[in-house]
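Enquirer: Contents of entry16.txt (compact mmCIF, C-alpha atoms and all ligand atoms):
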# COMPACT_ATOMS: atom_id res chain seq x y z
CA MET A 1 6.14 -14.43 119.11
CA ASN A 2 3.46 -14.30 116.46
CA THR A 3 4.69 -11.48 114.31
CA MET A 4 8.15 -10.41 113.28
CA LYS A 5 9.90 -7.74 111.28
CA ALA A 6 11.42 -8.25 107.83
CA LEU A 7 13.48 -5.79 105.77
CA TYR A 8 12.15 -5.61 102.21
CA ILE A 9 13.52 -4.24 99.00
CA VAL A 10 10.09 -3.28 97.69
CA GLU A 11 11.40 -2.05 94.34
CA PRO A 12 14.68 -0.49 93.23
CA MET A 13 15.69 2.35 95.60
CA LYS A 14 12.82 1.62 97.97
CA MET A 15 13.23 -0.38 101.17
CA GLU A 16 10.89 -0.75 104.11
CA MET A 17 10.42 -2.74 107.26
CA ARG A 18 7.32 -4.92 107.14
CA GLU A 19 5.51 -6.96 109.74
CA LEU A 20 4.95 -10.64 108.93
CA SER A 21 3.79 -13.67 110.83
CA VAL A 22 6.52 -15.90 112.19
CA PRO A 23 6.91 -18.91 109.86
CA VAL A 24 6.26 -22.44 111.09
CA ILE A 25 7.88 -25.74 110.17
CA GLN A 26 5.79 -27.51 107.53
CA SER A 27 7.87 -30.51 106.54
CA PRO A 28 10.22 -32.95 108.31
CA ASP A 29 13.39 -31.54 106.69
CA GLU A 30 12.89 -27.97 107.90
CA VAL A 31 14.44 -25.98 110.72
CA LEU A 32 13.12 -22.87 112.48
CA VAL A 33 15.86 -20.37 113.27
CA GLN A 34 16.11 -17.01 114.97
CA VAL A 35 18.32 -14.83 112.79
CA MET A 36 20.97 -13.11 114.92
CA MET A 37 23.27 -11.35 112.45
CA ALA A 38 23.10 -10.54 108.74
CA GLY A 39 25.73 -9.05 106.45
CA ILE A 40 25.11 -6.55 103.67
CA CYS A 41 26.78 -7.83 100.50
CA GLY A 42 27.58 -5.96 97.29
CA SER A 43 24.82 -7.98 95.63
CA ASP A 44 22.28 -6.70 98.20
CA MET A 45 23.33 -3.16 97.25
CA HIS A 46 22.96 -3.95 93.53
CA ASN A 47 19.50 -5.42 94.18
CA TYR A 48 18.55 -2.35 96.21
CA MET A 49 19.83 0.04 93.55
CA GLY A 50 18.15 -1.87 90.72
CA GLU A 51 21.43 -2.84 89.08
CA SER A 52 20.77 -6.57 88.76
CA SER A 53 18.45 -8.44 86.46
CA GLY A 54 16.00 -11.16 87.38
CA ILE A 55 15.40 -9.95 90.94
CA ALA A 56 12.11 -11.03 92.51
CA TYR A 57 10.83 -7.75 94.01
CA PRO A 58 9.39 -7.28 96.57
CA LEU A 59 12.03 -9.28 98.31
CA VAL A 60 13.41 -9.76 101.82
CA ALA A 61 17.05 -8.72 101.46
CA GLY A 62 20.16 -10.59 102.57
CA HIS A 63 21.95 -13.90 102.19
CA GLU A 64 24.73 -13.65 104.78
CA MET A 65 23.21 -15.12 107.94
CA ALA A 66 24.19 -16.41 111.36
CA ALA A 67 21.28 -17.81 113.36
CA LEU A 68 20.19 -19.77 116.41
CA VAL A 69 18.28 -23.03 115.92
CA LEU A 70 14.93 -22.92 117.77
CA GLU A 71 13.17 -26.04 116.50
CA THR A 72 13.91 -28.88 114.09
CA GLY A 73 11.54 -30.88 111.88
CA SER A 74 10.99 -34.57 112.71
CA GLY A 75 13.41 -35.77 110.03
CA VAL A 76 16.28 -33.40 110.80
CA GLN A 77 19.54 -34.98 111.84
CA GLY A 78 22.71 -33.56 113.34
CA LEU A 79 21.11 -30.37 114.52
CA GLU A 80 19.24 -29.42 117.69
CA ALA A 81 17.72 -26.39 119.36
CA GLY A 82 20.49 -24.14 120.64
CA ASP A 83 22.89 -24.91 117.80
CA HIS A 84 24.35 -22.06 115.78
CA VAL A 85 24.10 -22.16 111.99
CA VAL A 86 25.05 -20.23 108.85
CA LEU A 87 23.15 -20.18 105.57
CA ASP A 88 24.16 -21.37 102.13
CA PRO A 89 22.14 -19.04 99.84
CA VAL A 90 22.15 -21.56 96.95
CA MET A 91 18.76 -23.18 96.28
CA SER A 92 19.21 -25.71 93.47
CA CYS A 93 16.81 -28.05 91.66
CA GLY A 94 18.88 -31.22 92.01
CA TYR A 95 18.09 -32.64 88.55
CA CYS A 96 19.54 -30.33 85.87
CA TYR A 97 22.91 -30.95 84.20
CA PRO A 98 25.12 -28.90 86.58
CA CYS A 99 23.31 -30.37 89.60
CA SER A 100 23.85 -33.87 88.17
CA ILE A 101 27.62 -33.31 88.09
CA GLY A 102 27.84 -31.79 91.56
CA ARG A 103 27.90 -28.12 90.50
CA SER A 104 24.61 -27.05 92.09
CA ASN A 105 25.87 -23.47 92.58
CA VAL A 106 25.33 -22.95 88.85
CA CYS A 107 22.04 -24.88 88.73
CA GLU A 108 19.99 -24.09 85.62
CA ASN A 109 17.00 -23.41 87.88
CA LEU A 110 19.02 -21.66 90.57
CA LYS A 111 17.35 -19.50 93.16
CA ALA A 112 19.60 -17.52 95.46
CA ARG A 113 18.40 -16.29 98.83
CA GLY A 114 18.13 -12.53 98.86
CA SER A 115 17.93 -12.24 95.06
CA HIS A 116 15.38 -14.67 93.64
CA TYR A 117 13.92 -15.81 96.92
CA ASP A 118 13.33 -14.12 100.29
CA GLY A 119 16.56 -13.56 102.18
CA CYS A 120 17.69 -13.49 105.78
CA MET A 121 17.01 -9.92 106.91
CA GLN A 122 14.03 -11.07 108.95
CA GLU A 123 13.79 -12.11 112.57
CA TYR A 124 12.83 -15.77 112.05
CA MET A 125 13.13 -18.16 109.12
CA VAL A 126 12.18 -21.72 108.27
CA LEU A 127 14.98 -23.25 106.22
CA LYS A 128 15.69 -26.58 104.58
CA ARG A 129 18.19 -28.56 106.65
CA ARG A 130 20.49 -29.01 103.63
CA THR A 131 20.90 -25.25 103.21
CA ILE A 132 22.29 -24.59 106.69
CA HIS A 133 25.58 -25.53 108.31
CA LYS A 134 26.38 -25.87 111.98
CA ILE A 135 29.13 -23.69 113.44
CA GLU A 136 30.58 -23.88 116.97
CA ARG A 137 28.57 -21.98 119.54
CA SER A 138 31.72 -20.26 120.80
CA ILE A 139 32.13 -18.28 117.56
CA PRO A 140 30.61 -14.79 117.99
CA TRP A 141 27.69 -13.99 115.69
CA GLU A 142 29.56 -11.19 113.93
CA LYS A 143 32.36 -13.59 113.09
CA ALA A 144 30.09 -16.48 112.08
CA VAL A 145 28.11 -14.34 109.63
CA LEU A 146 31.27 -13.90 107.54
CA ALA A 147 31.32 -17.60 106.60
CA GLU A 148 29.40 -16.88 103.38
CA PRO A 149 31.82 -14.27 101.96
CA PHE A 150 34.65 -16.66 102.79
CA THR A 151 32.93 -19.41 100.79
CA ILE A 152 33.08 -17.08 97.76
CA ALA A 153 36.83 -16.81 98.30
CA ALA A 154 37.13 -20.56 98.86
CA GLN A 155 35.22 -21.31 95.67
CA SER A 156 37.15 -18.89 93.46
CA SER A 157 40.57 -19.83 94.86
CA SER A 158 39.82 -23.51 94.44
CA ARG A 159 38.54 -22.90 90.88
CA ALA A 160 41.93 -21.26 90.25
CA ALA A 161 43.80 -24.03 92.13
CA VAL A 162 45.83 -21.41 94.00
CA SER A 163 48.82 -22.87 95.78
CA ALA A 164 52.17 -21.93 97.30
CA GLY A 165 54.37 -20.67 94.48
CA ASP A 166 51.58 -18.68 92.88
CA THR A 167 51.77 -14.92 92.60
CA VAL A 168 48.19 -13.75 92.95
CA TYR A 169 46.97 -10.34 91.83
CA ILE A 170 43.65 -9.24 93.34
CA SER A 171 42.01 -6.21 91.80
CA GLY A 172 39.74 -4.77 94.48
CA ALA A 173 40.08 -4.69 98.27
CA GLY A 174 36.41 -4.69 99.20
CA PRO A 175 35.06 -7.48 101.39
CA ILE A 176 35.31 -10.13 98.65
CA GLY A 177 38.79 -9.09 97.52
CA LEU A 178 39.96 -9.13 101.14
CA CYS A 179 38.42 -12.56 101.79
CA ILE A 180 40.21 -13.86 98.67
CA LEU A 181 43.42 -12.32 99.98
CA MET A 182 43.08 -14.13 103.33
CA MET A 183 42.27 -17.42 101.60
CA CYS A 184 45.22 -17.14 99.18
CA LYS A 185 47.58 -16.35 102.06
CA LEU A 186 46.34 -19.49 103.86
CA LEU A 187 47.13 -21.42 100.67
CA GLY A 188 50.68 -20.09 100.76
CA ALA A 189 50.59 -17.76 97.74
CA THR A 190 52.25 -14.37 97.38
CA VAL A 191 49.53 -11.74 97.07
CA ILE A 192 49.45 -8.34 95.38
CA THR A 193 46.33 -6.32 96.18
CA SER A 194 45.26 -3.24 94.24
CA ASP A 195 42.54 -0.68 94.89
CA ILE A 196 41.87 3.04 94.61
CA ILE A 197 40.97 3.50 98.30
CA ALA A 198 44.00 3.94 100.56
CA SER A 199 42.21 2.80 103.73
CA ARG A 200 41.29 -0.48 102.08
CA LEU A 201 44.87 -1.04 100.98
CA ALA A 202 45.96 -0.43 104.57
CA LEU A 203 43.49 -3.11 105.69
CA ALA A 204 44.80 -5.47 102.99
CA SER A 205 48.29 -4.95 104.34
CA LYS A 206 47.13 -5.77 107.87
CA LEU A 207 45.47 -8.93 106.56
CA GLY A 208 48.67 -10.19 104.98
CA ALA A 209 48.98 -8.71 101.48
CA ASP A 210 52.62 -8.91 100.41
CA HIS A 211 52.42 -5.97 98.01
CA LEU A 212 49.96 -3.11 97.52
CA ILE A 213 49.24 -1.07 94.42
CA ASN A 214 47.28 2.16 94.68
CA LEU A 215 45.64 2.47 91.28
CA ASN A 216 45.13 6.21 91.80
CA THR A 217 48.83 6.83 91.59
CA GLU A 218 50.36 3.69 90.12
CA ASP A 219 50.09 1.83 86.84
CA PRO A 220 49.83 -1.87 87.73
CA PHE A 221 51.85 -2.89 84.64
CA VAL A 222 54.76 -0.74 85.77
CA ALA A 223 54.34 -1.38 89.50
CA ILE A 224 54.35 -5.19 89.20
CA LYS A 225 57.57 -5.15 87.16
CA LYS A 226 59.27 -3.23 89.95
CA LEU A 227 58.21 -5.51 92.80
CA PRO A 228 61.18 -7.31 94.33
CA GLY A 229 61.20 -11.07 93.88
CA ILE A 230 58.10 -11.07 91.67
CA HIS A 231 58.40 -12.42 88.16
CA GLY A 232 54.77 -11.88 87.23
CA VAL A 233 51.16 -12.75 87.96
CA THR A 234 50.15 -16.42 87.78
CA VAL A 235 46.58 -15.97 89.08
CA ALA A 236 44.47 -12.82 88.75
CA PHE A 237 41.11 -12.12 90.41
CA ASP A 238 38.69 -9.44 89.33
CA ALA A 239 37.10 -8.70 92.71
CA VAL A 240 35.52 -5.52 91.37
CA GLY A 241 33.53 -7.01 88.51
CA HIS A 242 34.26 -4.36 85.91
CA PRO A 243 34.62 -5.31 82.20
CA ALA A 244 37.69 -3.05 81.85
CA ILE A 245 39.43 -4.70 84.79
CA PHE A 246 38.91 -8.15 83.34
CA ALA A 247 40.50 -6.95 80.09
CA GLN A 248 43.39 -5.47 82.05
CA LEU A 249 43.99 -8.76 83.91
CA VAL A 250 44.21 -10.62 80.60
CA LYS A 251 46.98 -8.21 79.52
CA LEU A 252 48.70 -8.23 82.90
CA ALA A 253 48.96 -11.97 83.50
CA LEU A 254 51.92 -14.21 82.70
CA PRO A 255 51.58 -16.93 80.07
CA THR A 256 49.68 -19.94 81.53
CA ALA A 257 47.95 -17.77 84.16
CA ARG A 258 44.44 -18.34 85.46
CA ILE A 259 42.04 -15.37 85.36
CA LEU A 260 39.06 -15.36 87.72
CA CYS A 261 35.93 -13.59 86.56
CA MET A 262 33.44 -12.89 89.34
CA GLY A 263 31.53 -9.85 88.14
CA PHE A 264 27.88 -9.65 87.12
CA SER A 265 28.14 -6.92 84.50
CA SER A 266 26.28 -7.54 81.25
CA GLU A 267 28.50 -5.05 79.40
CA PRO A 268 30.98 -6.64 76.97
CA SER A 269 34.63 -6.62 78.02
CA PRO A 270 37.22 -5.30 75.53
CA VAL A 271 39.46 -8.37 75.76
CA SER A 272 42.10 -9.09 73.12
CA LEU A 273 41.80 -12.67 71.98
CA VAL A 274 45.46 -12.77 71.04
CA ASP A 275 46.49 -12.50 74.69
CA ILE A 276 44.35 -15.47 75.68
CA THR A 277 45.60 -17.57 72.77
CA LYS A 278 49.27 -16.66 72.79
CA LYS A 279 49.59 -16.96 76.54
CA GLU A 280 47.31 -20.00 76.83
CA LEU A 281 45.38 -18.31 79.61
CA THR A 282 42.72 -20.14 81.56
CA ILE A 283 39.61 -18.01 82.04
CA LEU A 284 37.42 -19.15 84.92
CA GLY A 285 34.04 -18.02 86.19
CA SER A 286 33.17 -18.39 89.85
CA ARG A 287 29.73 -17.99 91.37
CA MET A 288 28.66 -18.44 95.01
CA SER A 289 30.01 -21.82 96.12
CA VAL A 290 29.55 -25.56 96.26
CA ASN A 291 30.93 -27.82 99.02
CA GLN A 292 32.86 -24.94 100.59
CA PHE A 293 30.93 -24.23 103.78
CA GLU A 294 32.29 -27.17 105.79
CA ARG A 295 35.85 -26.29 104.84
CA VAL A 296 35.44 -22.58 105.63
CA ILE A 297 33.68 -23.25 108.94
CA LYS A 298 36.50 -25.59 109.99
CA LEU A 299 39.09 -22.91 109.20
CA MET A 300 37.07 -20.37 111.20
CA GLU A 301 36.69 -22.76 114.15
CA ASP A 302 40.42 -23.49 114.09
CA GLY A 303 41.12 -19.77 114.27
CA ARG A 304 42.82 -19.70 110.87
CA LEU A 305 40.22 -17.46 109.18
CA ASP A 306 38.91 -14.43 110.99
CA GLY A 307 37.00 -11.84 108.99
CA THR A 308 36.17 -9.52 111.87
CA PRO A 309 38.74 -6.87 110.77
CA LEU A 310 36.50 -6.36 107.70
CA ILE A 311 33.57 -5.18 109.81
CA SER A 312 33.26 -1.41 109.58
CA SER A 313 29.94 -1.05 111.42
CA ILE A 314 27.06 -2.97 112.94
CA PHE A 315 23.59 -1.43 112.71
CA ASP A 316 20.58 -2.42 114.80
CA PHE A 317 17.93 -4.12 112.71
CA LYS A 318 15.47 -1.26 113.25
CA ASP A 319 17.98 0.97 111.42
CA GLY A 320 18.28 -1.44 108.50
CA VAL A 321 16.97 0.97 105.86
CA ARG A 322 19.43 3.61 107.08
CA ALA A 323 22.29 1.10 106.83
CA PHE A 324 21.56 0.57 103.13
CA GLU A 325 21.26 4.33 102.54
CA GLU A 326 24.51 4.94 104.37
CA LEU A 327 26.32 2.35 102.24
CA ARG A 328 24.84 3.84 99.09
CA GLU A 329 25.97 7.36 99.95
CA ASN A 330 29.25 6.59 101.65
CA LYS A 331 30.50 3.38 100.11
CA ALA A 332 34.19 4.22 100.39
CA ALA A 333 33.92 4.80 104.13
CA HIS A 334 32.71 1.24 104.74
CA CYS A 335 33.86 -2.29 104.29
CA LYS A 336 31.56 -5.02 105.68
CA VAL A 337 28.40 -3.66 107.27
CA LEU A 338 26.33 -5.96 109.49
CA LEU A 339 22.78 -5.83 110.83
CA ARG A 340 22.13 -7.13 114.34
CA ILE A 341 18.76 -8.78 113.71
CA ASN A 342 18.25 -10.07 117.25
CA ASP A 343 20.15 -9.69 120.51
MN MN B 1 27.70 -12.33 100.09
Go through the file and emit its structure as structure tokens.
Ligand code: MN

Expert:
Amino acid sequence: MNTMKALYIVEPMKMEMRELSVPVIQSPDEVLVQVMMAGICGSDMHNYMGESSGIAYPLVAGHEMAALVLETGSGVQGLEAGDHVVLDPVMSCGYCYPCSIGRSNVCENLKARGSHYDGCMQEYMVLKRRTIHKIERSIPWEKAVLAEPFTIAAQSSSRAAVSAGDTVYISGAGPIGLCILMMCKLLGATVITSDIIASRLALASKLGADHLINLNTEDPFVAIKKLPGIHGVTVAFDAVGHPAIFAQLVKLALPTARILCMGFSSEPSPVSLVDITKKELTILGSRMSVNQFERVIKLMEDGRLDGTPLISSIFDFKDGVRAFEELRENKAAHCKVLLRIND
């Protein structure tokens, strides 16, 4: 195995498979892995379509990875060849202010795999030990690869301190909205999910949503008032990332509510300050995750979190470019799309 394939976003709207040499371990804290499964995230699509800023093209796509450990550097502990691992895409500097207070996911010098640094859609990778987490070998690759989207849900729900007694409103039933739904149900909250795609609402229902709102036909302000046993929304997540939705959540929420902002839009949001002030809302940002992988992996190993219902298709790696094109053209027909990098 001297050469391998890697799926590049060469520039916006242009992807290609390239041949590279297989990387080798260069320092004691590194691990050589064979990538088995990768997930296509919304952010990969934005990078592909040129909708994000600061992207380091040409770039190997992907940050959702499940892989097999082949070799460990001399200083690596707690990991051996044959172990299964998942990747934390956060690469932090370790010395800036957020890093110094344990918030390395918002490092001032942050590099994220698949956006600012080569990602996981390649057959082999050499990774720093601290950026990978062991997961039980009995977990199938397609299930393990969903650890990363669950860490997003774990981070945002812990930022919002969701607990039993909360009524959570999640705008958006894509992969992230659905992962947040599953996490909030585990935490004991009542969950209202809204979307414009009926099939996604059906999936949300299967995954435990207590109430569904189809935004094509229903006004959420009216619909929430009519829900039996619901007084109002105490936590609201924008799992779409649209400035107008954020503004809507601020209007929709009960006094004292927490509003979770997770979008990457640079457009201003038409928020009324009076709502934030009068209702004493707490507005929270949430980006990637810190200290969430161990917790999520444990929940997956215990069988309490299973994201496999989100998987709408698995493409062979050789068809990777087609998978991105398919998602671009047919977004509504898909939920989580995976690439089988190796068999
Ligand atoms: Mn992701």

Enquirer: Could the residues of chain A that have an atom at most 7 Å from ligand MN 1 (chain B) be listed as a Markdown table, each with its closest atom pair and the distance in Å to one decimal, counting all atoms listed in the file and ordered by chain and ascending residue number?

Expert:
| residue | atom | partner | partner_atom | distance |
| --- | --- | --- | --- | --- |
| A:Cys41 | CA | B:MN1 | MN | 4.6 |
| A:Gly42 | CA | B:MN1 | MN | 7.0 |
| A:Ser43 | CA | B:MN1 | MN | 6.9 |
| A:His63 | CA | B:MN1 | MN | 6.3 |
| A:Glu64 | CA | B:MN1 | MN | 5.7 |
| A:Glu148 | CA | B:MN1 | MN | 5.9 |
| A:Pro149 | CA | B:MN1 | MN | 4.9 |

Enquirer: Excluding Thr234 in chain A and any residue of its chain fewer than 6 positions from it, enumerate the residues within 12 Å of it, using all atoms listed in the file, and give them as a VMD selection string.

Expert: chain A and resid 160 to 170 189 to 192 249 to 250 252 to 260 279 to 282

Enquirer: Given the selection you just returned, output its residues as a file containing C-alpha atoms, formatted as a tab-separated table (two decimals), in the frame of the given file.

Expert:
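Below you can see part05.tsv, which holds the result:
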chain	number	residue	atom	x	y	z
A	160	ALA	CA	41.93	-21.26	90.25
A	161	ALA	CA	43.80	-24.03	92.13
A	162	VAL	CA	45.83	-21.41	94.00
A	163	SER	CA	48.82	-22.87	95.78
A	164	ALA	CA	52.17	-21.93	97.30
A	165	GLY	CA	54.37	-20.67	94.48
A	166	ASP	CA	51.58	-18.68	92.88
A	167	THR	CA	51.77	-14.92	92.60
A	168	VAL	CA	48.19	-13.75	92.95
A	169	TYR	CA	46.97	-10.34	91.83
A	170	ILE	CA	43.65	-9.24	93.34
A	189	ALA	CA	50.59	-17.76	97.74
A	190	THR	CA	52.25	-14.37	97.38
A	191	VAL	CA	49.53	-11.74	97.07
A	192	ILE	CA	49.45	-8.34	95.38
A	249	LEU	CA	43.99	-8.76	83.91
A	250	VAL	CA	44.21	-10.62	80.60
A	252	LEU	CA	48.70	-8.23	82.90
A	253	ALA	CA	48.96	-11.97	83.50
A	254	LEU	CA	51.92	-14.21	82.70
A	255	PRO	CA	51.58	-16.93	80.07
A	256	THR	CA	49.68	-19.94	81.53
A	257	ALA	CA	47.95	-17.77	84.16
A	258	ARG	CA	44.44	-18.34	85.46
A	259	ILE	CA	42.04	-15.37	85.36
A	260	LEU	CA	39.06	-15.36	87.72
A	279	LYS	CA	49.59	-16.96	76.54
A	280	GLU	CA	47.31	-20.00	76.83
A	281	LEU	CA	45.38	-18.31	79.61
A	282	THR	CA	42.72	-20.14	81.56

Enquirer: Between CA of Glu108 in chain A and CA of Leu127 in chain A, what is the spacing in Å?

Expert: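 Between CA of Leu127 in chain A and CA of Glu108 in chain A the gap works out to 21.2 Å.
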
Enquirer: Any idea what's packed within 7 Å of range 48-59 of chain A, counting all atoms listed in the file, ignoring anything in its chain fewer than 3 positions away? Could you give it as a list of chain:residue names?

Expert: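 Neighbouring residues, sequence-local ones excluded: A:Tyr8, A:Ile9, A:Val10, A:Glu11, A:Pro12, A:Met13, A:Asp44, A:Met45, A:Gly114, A:Ser115, A:His116, A:Tyr117, A:Asp118.
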
Enquirer: Quick one: distance from CA of Leu201 in chain A to CA of Ala223 in chain A in Å, one decimal?

Expert: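 Those two atoms sit 14.9 Å apart.
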
Enquirer: Using only C-alpha atoms, determine which residues lie at most 12 Å from range 208-215 of chain A, disregarding the query and same-chain residues fewer than 5 positions distant; provide the list as an MDAnalysis selection string.

Expert: chainID A and resid 167:173 177:186 188:203 220:230 245 305 309

Enquirer: Between CA of Ala239 in chain A and CA of Ala333 in chain A, what is the spacing in Å?

Expert: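 According to the coordinates, CA of Ala333 in chain A and CA of Ala239 in chain A are separated by 18.0 Å.
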
Enquirer: Using only C-alpha atoms, which of A:Asn2, A:Thr308, A:Ser157, A:Gln122 sits nearest Val145 in chain A?

Expert: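 Closest candidate: A:Thr308.
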
Enquirer: Which of these residues is nearest to Leu284 in chain A, using only C-alpha atoms: A:Ser313, A:Gln155, A:Thr3, A:Thr72?

Expert: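 For Leu284 in chain A, the nearest of the given residues is A:Gln155.
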
Enquirer: Could you give me, as a CSV table (one decimal) with C-alpha atoms, in the frame of the given file, the residues that have an atom at most 7 Å away from the point (19.8, -8.5, 102.3) in the coordinates of the file, using all atoms listed in the file?

Expert:
chain,number,residue,atom,x,y,z
A,40,ILE,CA,25.1,-6.6,103.7
A,44,ASP,CA,22.3,-6.7,98.2
A,60,VAL,CA,13.4,-9.8,101.8
A,61,ALA,CA,17.0,-8.7,101.5
A,62,GLY,CA,20.2,-10.6,102.6
A,63,HIS,CA,22.0,-13.9,102.2
A,114,GLY,CA,18.1,-12.5,98.9
A,119,GLY,CA,16.6,-13.6,102.2
A,120,CYS,CA,17.7,-13.5,105.8
A,121,MET,CA,17.0,-9.9,106.9

Enquirer: The residues within 10 Å of (14.5, -29.6, 109.9), using all atoms listed in the file and the coordinates of the file, should be reported as a compact mmCIF listing (two decimals) with C-alpha atoms, keeping the file's coordinate frame; which are they?

Expert:
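The resulting file, out_25.txt, is reproduced below:
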# COMPACT_ATOMS: atom_id res chain seq x y z
CA ILE A 25 7.88 -25.74 110.17
CA GLN A 26 5.79 -27.51 107.53
CA SER A 27 7.87 -30.51 106.54
CA PRO A 28 10.22 -32.95 108.31
CA ASP A 29 13.39 -31.54 106.69
CA GLU A 30 12.89 -27.97 107.90
CA VAL A 31 14.44 -25.98 110.72
CA LEU A 32 13.12 -22.87 112.48
CA VAL A 33 15.86 -20.37 113.27
CA VAL A 69 18.28 -23.03 115.92
CA GLU A 71 13.17 -26.04 116.50
CA THR A 72 13.91 -28.88 114.09
CA GLY A 73 11.54 -30.88 111.88
CA SER A 74 10.99 -34.57 112.71
CA GLY A 75 13.41 -35.77 110.03
CA VAL A 76 16.28 -33.40 110.80
CA GLN A 77 19.54 -34.98 111.84
CA GLY A 78 22.71 -33.56 113.34
CA LEU A 79 21.11 -30.37 114.52
CA GLU A 80 19.24 -29.42 117.69
CA VAL A 126 12.18 -21.72 108.27
CA LEU A 127 14.98 -23.25 106.22
CA LYS A 128 15.69 -26.58 104.58
CA ARG A 129 18.19 -28.56 106.65
CA ARG A 130 20.49 -29.01 103.63
CA ILE A 132 22.29 -24.59 106.69

Enquirer: Quick one: residues within 7 Å of Met65 in chain A, all atoms listed in the file, excluding same-chain residues fewer than 3 positions away - as a VMD selection string?

Expert: chain A and resid 35 37 to 39 86 to 87 120 145

Enquirer: Skip Tyr95 in chain A itself and residues of its chain fewer than 4 positions away, then list as a list of chain:residue names all residues within 12 Å of it, counting only C-alpha atoms.

Expert: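 After dropping sequence-adjacent residues, the list is A:Cys99, A:Ser100, A:Ile101, A:Gly102, A:Arg103, A:Ser104, A:Cys107, A:Glu108, A:Asn109, A:Leu110.
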
Enquirer: Ranking A:Asp306, A:Cys261, A:Asp343, A:Val337 by minimum distance to Arg322 in chain A and counting only C-alpha atoms, which one comes first?

Expert: A:Val337

Enquirer: Rank A:Leu338, A:Leu7, A:Ala154, A:Ala112 by their smallest atom-to-atom distance to Asn291 in chain A, using only C-alpha atoms, and report the top residue only.

Expert: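 Checking each of A:Leu338, A:Leu7, A:Ala154, A:Ala112 against Asn291 in chain A, counting only C-alpha atoms, the winner is A:Ala154.
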
Enquirer: With distances taken over only C-alpha atoms, which residue among A:Leu20, A:Ala153, A:Ile341, A:Met4 lies nearest Asp238 in chain A?

Expert: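 Looking only at the distances to Asp238 in chain A, the closest residue turns out to be A:Ala153.
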